[in-house]
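Contents: one structure, followed by commentary.
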Amino acid sequence: MPPIQCAGYNCPVDATLDMIGGKYKALILWHLIDHTLRFGELRKLIPQATPKMLTQQLRELEEDNLIIRTVYPVVPPKVEYALSDLGISIRPILEAMYKWGADYLNQNGLIVNCSMKCPD
């Protein structure tokens with residue numbers, strides 16, 4: 001039997017990875033669970049992301065309707081990011097990825113050292 005081919009968005013796994021597979025997308029989504037954050041707060045939580053990369057990842061998440069960007073008409077500009085309903089629905093996937101990765105690291109004698117903290 002030939003292998004099954006996943007092309008484009010006909011494959012659920014491919015669609016999921018495309019939406020959350022960016023360099024910092026999973027971390028951004030994780031930090032927005034139960035929180036609305038400003039850009040500077042996200043920068044502090046994900047210091048390894050350059051401002052340009054963080055902005056790019058936030059724009060892609062917004063385009064994919066996983067986050068909501070709210071701009072307030074004040075000086076200086078105030079922008080907040082929060083999960084959309086679609087973004088909230090990704091939580092179980094992120095938790096499963098964290099648990100799988102933590103188990104993998106532990107089994108290989110590595111210490112989990114990440115800004116993500118999984119609820120028990």
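Residues are referred to by chain and number: the chain letter is A, B, ... according to the order shown in the structure tokens, the number counts from 1 in that chain, and ligands are numbered separately from 1 in the order shown.
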Quick one: DSSP alpha helix (DSSP H) residues in chain A, as number ranges by chain? A: 12-20, 25-32, 39-45, 51-63, 85-88, 91-107
Contact residues around Arg91 of chain A with only C-alpha atoms at 9 Å, ignoring same-chain residues under 3 positions, as a compact mmCIF listing (two decimals) with C-alpha atoms, in the first residue's frame:
# COMPACT_ATOMS: atom_id res chain seq x y z
CA LEU A 29 0.30 31.39 22.39
CA TRP A 30 1.31 29.75 25.66
CA ILE A 33 -3.31 31.62 27.83
CA GLY A 87 -6.43 30.44 19.90
CA ILE A 88 -7.99 29.27 23.17
CA LEU A 94 0.24 23.04 23.57
CA GLU A 95 -0.08 21.23 26.92
CA ALA A 96 0.34 17.86 25.20
List as a list in words the protein and nucleic acid residues near Leu83 of chain A, meaning an atom at most 10 Å away when only C-alpha atoms are counted, but skip any in the same chain fewer than 4 places from it. Ile28, Leu29, Trp30, His31, Leu32, Ile33, Asp34, His35, Thr36, Leu37, Leu61, Glu62, Asn65, Leu66, Ile67, Ile68, Arg69, Gly87, Ile88, Ser89 and Ile90 of chain A
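Closest to Ala26 of chain A among A:Tyr104, A:Tyr81, A:Tyr98, A:Phe39 is A:Tyr98, based on only C-alpha atoms.
Checking A:Lys25, A:Arg38, A:Lys44, A:Lys78 one by one against Arg59 of chain A, counting only C-alpha atoms, you find the shortest gap at A:Lys25.
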List the neighbours of Gln48 of chain A out to 12 Å using only C-alpha atoms; skip same-chain residues closer than 5 positions along the sequence, and give me the result as a PyMOL selection string. chain A and resi 23-24+27+42-43+53-54+114-115
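Within segment 28-112 of chain A, residues classed as strand (DSSP E) by DSSP on backbone coordinates are Leu37, Arg38, Ile67, Ile68, Arg69, Thr70, Val71, Tyr72, Lys78, Val79, Glu80, Tyr81, Ala82 and Leu83 of chain A.
Coordinates place atom CA of Gly40 of chain A at a distance of 22.3 Å from atom CA of Gly21 of chain A.
Atom to atom, atom CA of Thr55 of chain A and atom CA of Ala102 of chain A stand 27.7 Å apart.
Between atom CA of Leu17 of chain A and atom CA of Met97 of chain A lies a distance of 11.9 Å.
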Spatial neighbours of Asp64 of chain A, max dist 10 Å, only C-alpha atoms, sep filter under 4 positions, as an NGL selection string: :A and (18-20 or 58-60 or 86-87)
So that I have them on file, write out the residues from the current selection with N, CA and C atoms, as a compact mmCIF listing (two decimals), in the first residue's frame.
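Ended up saving to selection-v9.txt:
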# COMPACT_ATOMS: atom_id res chain seq x y z
N ASP A 18 1.48 24.42 10.37
CA ASP A 18 1.64 25.66 9.64
C ASP A 18 1.21 26.86 10.49
N MET A 19 0.17 26.67 11.28
CA MET A 19 -0.36 27.77 12.09
C MET A 19 0.45 28.03 13.36
N ILE A 20 1.00 26.98 13.98
CA ILE A 20 1.71 27.17 15.26
C ILE A 20 3.18 26.82 15.19
N LEU A 58 3.75 37.57 15.68
CA LEU A 58 2.45 38.10 16.14
C LEU A 58 1.55 38.40 14.95
N ARG A 59 2.09 38.98 13.90
CA ARG A 59 1.29 39.27 12.71
C ARG A 59 0.74 38.01 12.07
N GLU A 60 1.58 36.96 11.98
CA GLU A 60 1.13 35.70 11.39
C GLU A 60 0.05 35.06 12.25
N LEU A 86 -10.43 30.74 18.69
CA LEU A 86 -9.65 29.71 18.00
C LEU A 86 -8.32 29.48 18.72
N GLY A 87 -7.68 30.56 19.16
CA GLY A 87 -6.43 30.44 19.90
C GLY A 87 -6.61 29.70 21.22
